[in-house]
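Notes follow the structure.
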Amino acid sequence: MADGRLFLGTRRYSSWSMRGWLAVRLAGLAVEEVVLPLAEGRSPAIAAASPSGLVPCLEHRGARVWESIAIAEYCAELAPALWPADRAARAHARSIAAEMHAGFRGLRSAMPMNLGRSFPGLRRTPEALADIARIEAIWAECLAAHGGPFLFGRQFGLADAMYAPVVTRFLTWQPELSATSRAYCAAVRAHPLVDRWYADAAAEPASWLLAKYEDITA
């Protein structure tokens with residue numbers, strides 16, 4: 001029997017849903033997934049499901065949690081190994097996760113998540129390129145310090161969950177990346193949970209497609 005529900009948006013597009021879902025699945029929570037398709041405007045179904053009117057939103061054993069980073073911290077209370085065991089590394093992981101949660105608007109705006117399309121060479125705005133450079137620097141520092149293949153070692157953790165949708169953007173938009181970044185993207189894409197998210201996204205009905213994410217020519 002499920003211990004609650006996890007409300008998600010369209011998997012093809014919803015980067016924040018992907019982050020929350022990865023955290024919940026990494027923690028092993030037994031919750032029912034409820035996918036509410038995104039709309040061109042505000043979705044009444046999502047507004048009814050979440051206090052913020054946004055997804056993801058987790059209901060679990062009497063707790064109601066929204067915002068991906070709050071869901072991640074809730075999951076870490078139940079599965080502490082999702083953050084690094086070392087205090088300094090854990091502080092670093094939380095810092096880069098928070099930076100992802102709060103920043104990189106240039107990248108988000110120019111290169112939205114779309115798991116079913118490829119737009120190589122497009123939307124390389126100065127703001128997006130500056131964000132990409134910062135993300136590559138974050139990845140390079142973590143991978144050098146902890147040996148990879150993931151940001152804090154061999155285990156795919158919450159920091160990786162926060163950056164997984166960035167990996168999907170890089171695979172879709174194909175900006176120029178260092179060899180280190182390309183290897184990290186490959187490791188994340190090959191993770192079983194990420195692969196499952198892609199498969200579930202591919203199975204979504206065509207009626208959920210949104211023109212603002214599909215009809216991109218420049």
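Ordering of the structure tokens sets the chain letters (A, B, ...); residue numbers start at 1 within each chain; ligands are numbered from 1 in the order shown.
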
* To do: Give the helix (DSSP H, G or I) residues of chain A, as DSSP finds them on the backbone, and put them as number ranges by chain.
  => A: 15-27, 44-49, 68-78, 80-82, 87-102, 105-110, 126-146, 158-173, 179-190, 192-202, 206-208, 211-214

Segment 53-74 of chain A near segment 2-25 of chain A within 6 Å: what's each residue's closest atom pair and its distance in Å to one decimal, counting only C-alpha atoms, ordered by chain then ascending residue number, as a Markdown table?
| residue | atom | partner | partner_atom | distance |
| --- | --- | --- | --- | --- |
| A:Val55 | CA | A:Leu8 | CA | 5.5 |
| A:Pro56 | CA | A:Ser17 | CA | 4.8 |
| A:Cys57 | CA | A:Phe7 | CA | 5.1 |
| A:Leu58 | CA | A:Leu6 | CA | 4.5 |
| A:Glu59 | CA | A:Gly4 | CA | 5.1 |
| A:His60 | CA | A:Gly4 | CA | 4.4 |
| A:Arg61 | CA | A:Asp3 | CA | 5.8 |
| A:Ser68 | CA | A:Gly20 | CA | 4.9 |
| A:Ala72 | CA | A:Ala23 | CA | 5.4 |

* What is the atom CA of Arg196 of chain A to atom CA of Ser95 of chain A distance in Å? ->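 Those two atoms sit 27.4 Å apart.
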
* For Ala89 of chain A: contacts at 10 Å, only C-alpha atoms, fewer than 3 positions along chain excluded, given as number ranges by chain -> A: 83-86, 92-95, 142, 145-146, 152

Suppose we keep C-alpha atoms; can you now write the selection as a PDB file, in the first residue's frame?
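Contents of the output file out-v7.pdb:
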ATOM      1  CA  TRP A  83      24.076  13.478   1.139  1.00  0.00           C
ATOM      2  CA  PRO A  84      27.824  12.834   1.585  1.00  0.00           C
ATOM      3  CA  ALA A  85      28.813  11.466   4.992  1.00  0.00           C
ATOM      4  CA  ASP A  86      31.723  13.905   5.393  1.00  0.00           C
ATOM      5  CA  HIS A  92      29.532  21.570  -0.453  1.00  0.00           C
ATOM      6  CA  ALA A  93      26.809  19.318  -1.870  1.00  0.00           C
ATOM      7  CA  ARG A  94      24.070  21.341  -0.210  1.00  0.00           C
ATOM      8  CA  SER A  95      25.613  24.577  -1.478  1.00  0.00           C
ATOM      9  CA  CYS A 142      33.392  18.002  -7.535  1.00  0.00           C
ATOM     10  CA  ALA A 145      37.749  16.137  -5.550  1.00  0.00           C
ATOM     11  CA  HIS A 146      35.701  12.963  -5.245  1.00  0.00           C
ATOM     12  CA  PHE A 152      30.484  13.180  -4.770  1.00  0.00           C
TER      13      PHE A 152
END

* Fewer than 3 positions away in the same chain doesn't count, so skip those; otherwise give me all residues within 12 Å of Ala137 of chain A, counting only C-alpha atoms, as a PyMOL selection string. => chain A and resi 96+130-134+140-144+151+177-178+180-181

* To do: Using only C-alpha atoms, pick whichever of A:Pro44, A:Glu99, A:Ile216, A:Glu77 has the shortest atom-to-atom distance to Leu29 of chain A.
  =>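 Closest candidate: A:Glu77.
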
* Asked: Excluding same-chain residues fewer than 3 positions from Val166 of chain A, what lies within 10 Å of it counting only C-alpha atoms, as a VMD selection string?
  -> chain A and resid 15 100 104 107 to 108 111 to 113 132 135 160 to 163 169 to 172 185

Written file, previous selection with C-alpha atoms, as a PDB file, in the first residue's frame:
ATOM      1  CA  SER A  15      12.708  19.654 -14.685  1.00  0.00           C
ATOM      2  CA  MET A 100      20.987  25.096  -8.773  1.00  0.00           C
ATOM      3  CA  PHE A 104      20.915  29.615 -13.711  1.00  0.00           C
ATOM      4  CA  LEU A 107      20.103  28.585 -19.086  1.00  0.00           C
ATOM      5  CA  ARG A 108      16.568  27.745 -17.994  1.00  0.00           C
ATOM      6  CA  MET A 111      17.193  26.069 -23.176  1.00  0.00           C
ATOM      7  CA  PRO A 112      14.048  24.563 -21.629  1.00  0.00           C
ATOM      8  CA  MET A 113      13.906  20.871 -20.847  1.00  0.00           C
ATOM      9  CA  ILE A 132      26.947  26.672 -18.584  1.00  0.00           C
ATOM     10  CA  ILE A 135      27.946  24.616 -14.089  1.00  0.00           C
ATOM     11  CA  ASP A 160      23.255  14.697  -8.892  1.00  0.00           C
ATOM     12  CA  ALA A 161      19.458  14.685  -8.720  1.00  0.00           C
ATOM     13  CA  MET A 162      19.469  18.478  -8.688  1.00  0.00           C
ATOM     14  CA  TYR A 163      21.719  18.648 -11.756  1.00  0.00           C
ATOM     15  CA  ARG A 169      19.231  20.131 -21.361  1.00  0.00           C
ATOM     16  CA  PHE A 170      22.807  19.603 -22.486  1.00  0.00           C
ATOM     17  CA  LEU A 171      21.798  16.434 -24.332  1.00  0.00           C
ATOM     18  CA  THR A 172      18.934  18.275 -26.047  1.00  0.00           C
ATOM     19  CA  CYS A 185      26.458  13.654 -18.644  1.00  0.00           C
TER      20      CYS A 185
END

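Put simply, atom CA of Ala183 of chain A is 25.0 Å away from atom CA of Ala88 of chain A.
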
* One-decimal distance in Å that lies between atom CA of Arg154 of chain A and atom CA of Glu136 of chain A ->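 Answer for the atom CA of Glu136 of chain A to atom CA of Arg154 of chain A separation: 18.8 Å.
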
* **Nearest to Ile71 of chain A, chosen from A:Ala128, A:Thr168, A:Leu158, A:Ala49, with only C-alpha atoms counted in the distances** =>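 Nearest candidate to Ile71 of chain A out of A:Ala128, A:Thr168, A:Leu158, A:Ala49: A:Leu158.
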
* **Residue nearest Asn114 of chain A - candidates A:Ala190, A:Leu210, A:Ala45, A:Ala218, atoms counted: only C-alpha atoms** => A:Leu210
